[in-house]
Structures are given as structure tokens and as C-alpha cells.
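Student: Just dropping this structure here.
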Amino acid sequence: CGVFGVYAPGEDVARLAGFGLQALQHRGQESAGIAVGDGETLRCHKDVGLVTQVFDDAVMEELGGLLAVGHVRYSTSGAASSRDAAQPHLSTIDAESIALVHNGTLLGTEALRASLEAEGAVFAAGTDSEVAAHVIARAVRRAGSVREGIRQAMDVLEGAYAMILATPRALYAFRDPHGIRPLCIGRLPEGGWVVSSETCGLDIAGAAYVRDVEPAEVVRLGREGLVAESGRAAPRRASCIFEYVYFARPDSIIDGQSVYQARRAMGAILSAEAPVQADAVIGVPDSGTPAAVGYAEASGIPYAFGIVKNHYVGRTFIQPTQAMRERGITLKLNPLPSVIAGKRLVVIDDSIVRGSTSRQLVSMLYEAGAAEVHLRIVSPEVRWPCFYGIDTATRDQLLAAGRTTEEMRRWIGCDSLAFISLEGLHRAVGGARHQGWCEACFTGSYPVPRPL
Ligand code: SF4
Ligand code: MG
């Protein structure tokens with residue numbers, strides 16, 4: 001998912017949030033929502049669909065205020081695409097509202113939900129985020145203070161969360177103690193504040209990057225400006241390394257490391273780790289393209305524009321069923337025979353999850369006349385599911401789980417197959433301000449104990 005918040009009295013905060021969410025649309029396409037605070041109340045509009053489908057001018061006109069918080073969703077927990085599962089989640093506490101948006105996945109919410117239901121809570125969506133909204137609302141009521149309530153809720157919530165909570169007057173941005181999912185802060189030229197999953201959301205709002213929210217930190221943005229309070233961070237930080245591989249936009253900067261430059265370095269490093277004689281390097285758009293540029297530069301094999309992507313079809317991975325996903329791939333990617341025919345190709349992609357993309361793409365490339373297809377993947381083998389907000393499938397669906405590279409190569413049907421080493425990936429993201437990564441989907445070593 002993607003989360004975005006803006007505090008900017010005097011500006012059109014709903015439209016700014018709309019732009020921010022459009023910049024984060026790659027992080028989720030199932031639903032979109034914005035809540036606006038005007039100092040006294042919060043109003044919310046949300047629905048299934050893309051940002052541009054959920055919000056038109058008429059809706060935006062009605063959402064005036066001094067702050068806004070927004071969300072784009074792709075489901076890793078609960079019902080796939082229902083309006084109830086769309087965020088923000090609004091709760092009322094003693095006649096005052098709060099709105100919550102969440103990126104990540106919480107662990108152990110079944111037990112929390114059961115105990116809240118026993119106390120009379122009613123759940124509409126069935127998602128972990130909805131449970132978090134209840135937990136936080138109750139903690140705020142009990143504590144009589146938003147900040148203190150968030151603190152107490154953070155002691156109870158487990159797993160991955162980058163959240164923004166809005167009251168009618170202020171925003172609170174906070175992140176789990178491992179800092180698994182990203183969240184950053186920017187400043188508007190007129191003095192307002194922006195919070196975004198990625199810096200590309202700051203760029204579109206015209207905000208200058210200030211810093212990332214730290215693990216376990218609670219940052220309040222309001223009339224008093226930025227007021228930060230650090231919390232008890234985990235002994236070892238565990239920021240998702242897969243953001244650099246696939247999820248984040250290449251024009252974002254996470255913890256000081258450009259995503260584009262990291263991908264380019266992944267390609268260069270892989271060209272040294274797994275060289276091959278070939279006539280052209282092609283990237284699988286969009287996520288494989290920067291790495292293909294890096295592979296081509298480092299290997300001296302010319303980069304070629306060999307696959308056209310239809311940008312009006314959503315991210316195939318995010319389609320919730322396998323049948324939709326497979327149809328999505330042919331709708332989305334089309335090889336260019338005039339570039340490919342007769343050539344020995346190095347084909348660069350960011351990751352293999354179920355392998356359906358690679359398998360179909362390889363056969364499309366041979367059909368378009370490729371002489372050889374050497375598949376190079378700039379992430380290590382994805383062998384373990386993610387429990388922290390990226391839907392990398394269950395273990396039995398993962399192509400690399402329990403298979404050798406040769407078995408995978410045969411199933412995909414390419415001439416050769418190689419993955420970057422974990423050490424190589426570490427070097428590619430070496431410019432980040434910290435080197436504390438979650439890489440559980442590659443190693444099976446989970447920073448937060450997984451559910452039984
Ligand atoms: Fe990211 Fe993988 Fe960790 Fe999930 S398991 S948070 S995708 S590194
Ligand atoms: Mg891809």
C-alpha cells in the first residue's frame with residue numbers, strides 16, 4: 001500500500017493528497033481514499049478503484065480543510081477489494097474523529113480482533129488495518145491523549161506498519177520498531193508538511209525531502225511544526241530490501257539511497273557475477289529496466305528496447321488471482337520482433353516469484369525470433385513468503401522454493417538463468433544510511449516472529 005499525508009493550512013490539501021496518491025499508485029490499485037480535517041471534523045471519501053476513478057473534481061471541491069491523509073491499497077490481509085476495506089479508517093472518540101492509514105501487515109491481529117469483539121467492537125472490513133484502527137482509538141480514549149494512545153498501541157501492535165493518523169488538527173506519522181516499510185517527511189515551500197511512503201510523493205506535491213521517519217518514532221505535524229518523539233527501536237533494524245528491488249518507484253530515494261541507482265548497480269553487479277555472450281540486453285519493463293541499463297553499461301553489450309509495456313494495465317502481480325495475473329502478462333508485455341529476431345538476448349527482470357511472468361515472457365521472446373534467451377534476475381531466489389506487506393505468495397507457490405536453478409531454468413524454458421547473490425544485492429544498496437535489512441523472503445530469517 002501507499003500512504004500520504006499533508007498538513008498545509010491555506011492550501012488545497014485534498015488535491016495535494018490526490019496528487020501524492022497518484023504518485024504512489026504503483027503501491028496499490030484496489031482502492032483509494034482521502035480524509036480531510038478542517039480543525040473541527042474529519043470527512044472521508046474512499047472507494048474501490050484507482051485514484052482518478054475514486055476522485056473527481058466535484059468530490060475534491062467538497063474536501064476543503066487544513067490537512068489530509070490518504071491511502072492506496074493492495075490487499076495482503078482480508079477481503080480483496082471492498083469499500084469497507086478501503087482506507088482511511090475513521091473512528092470516533094468522545095465526539096472527535098481520527099483517521100488512520102496503514103502500509104504493512106500486522107501479525108497476531110486475529111487474537112486482538114477476538115478480544116475487541118468480546119468488548120463489543122464491530123468490524124466491517126476484516127483487515128489487519130481495521131483492527132489497528134480500533135486498537136489505537138481505544139488506546140487514545142484510555143490515555144486521553146493522541147500521542148500517548150499511539151505509544152500504548154505501538155506496544156500492542158506487532159509486525160510491519162508505516163502509519164499516518166489524522167485528527168482534525170494534526171497528523172501523526174509513525175513506524176514499527178524495525179522500520180520495515182518506508183515513510184518519509186517533506187516540507188512545502190509555504191511551510192506545510194508532507195508525509196509519504198516514498199519521496200516520489202514529496203516530489204509531486206512540491207515538497208522538499210526532510211528525512212525518513214525513524215523506526216519506533218512518532219512524529220507530529222501541526223501548528224507547532226514538526227515535533228518528534230523517538231521510541232524503543234528494535235535492536236536490529238530491518239527495512240525491506242525488496243523496496244529497492246521491485247516495490248518502490250525508481251525516482252524515489254529511501255534512506256538516502258536512490259532506488260534507480262541501486263537497481264542500476266544490481267544490474268552491473270550481476271553482469272560480473274553471471275556474464276554471458278550476447279547481442280543485446282533487454283529489460284522487462286518497468287521494474288527490470290534500470291537494472292538492464294546497469295547490466296548493459298557494465299558488460300558492454302548494447303541495451304535494446306525489446307519489450308513494449310502497456311501502461312494502462314495494472315501491475316500483474318497485484319491482480320489477486322492467478323488466472324487474472326496470467327492474462328495480465330500477455331495484455332501488458334509485447335516483444336518487438338524487429339529488435340529481437342535472430343539475437344542472443346540477456347533479459348533482465350527484478351524478481352521471480354511464481355515464475356509465471358518469466359515463463360510466458362520467454363516463450364513470447366522465442367516466438368518473436370530470439371536466438372537465445374539468458375534470463376538474469378537482480379534479486380536472490382525468493383524462497384519464503386513475506387508477512388510484512390508484500391504479497392509474495394505462499395511457499396508452495398514460489399518457484400524457487402525447493403527447486404534448483406537448473407530445475408527453474410527448465411520450467412521457464414530459457415537457455416540460461418542466474419540470480420544476483422545476496423552479497424551483491426547488499427553492495428547495490430550500500431549507499432543507504434543504515435545497513436539493517438529485512439531480507440526474509442530470500443533467507444527465511446524473519447525479523448518479527450511469524451505466526452504459527
Ligand atoms: Fe521486504 Fe522480503 Fe522482508 Fe517482505 S520479507 S519485508 S518483501 S524483504
Ligand atoms: Mg516486473
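Residue numbers start at 1 in each chain; chains themselves are named A, B, ... in the order of the C-alpha cells; ligands are numbered from 1 in the order shown.
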Find the residues around region 278-293 of chain A up to 8 Å (only C-alpha atoms counted), leave out those fewer than 4 positions away in its own chain, and share them as JSON, numbers by chain.
Tutor: {"A": [245, 246, 250, 260, 261, 263, 264, 265, 266, 267, 268, 297, 301, 302, 303, 304, 305, 306, 307, 308, 309, 333, 343, 344, 345, 346, 347, 348, 349, 350, 378]}
Student: List the spatial neighbours of Ala124 (chain A) as an NGL selection string - criterion: any atom at most 9 Å away, only C-alpha atoms, same-chain residues fewer than 3 positions off excluded.
Tutor: :A and (84-85 or 127 or 130)
Student: Could you give me the residues within 8 Å of ligand 1, counting only C-alpha atoms and all ligand atoms, as a PyMOL selection string?
Tutor: chain A and resi 160+180-181+238-243+384-392+437-442+444+446
Student: Give me, as JSON, numbers by chain, the residues of region 34-240 of chain A that a backbone DSSP run labels alpha helix (DSSP H).
Tutor: {"A": [51, 52, 53, 54, 57, 58, 59, 60, 61, 62, 109, 110, 111, 112, 113, 114, 115, 116, 117, 118, 128, 129, 130, 131, 132, 133, 134, 135, 136, 137, 138, 139, 140, 141, 142, 143, 146, 147, 148, 149, 150, 151, 152, 153, 154, 155, 156, 199, 200, 201, 202, 203, 204, 205]}
Student: Which one is closest to His178 (chain A): A:Ala234, A:Leu106, A:Val219, A:Ala370? Count only C-alpha atoms.
Tutor: A:Ala234
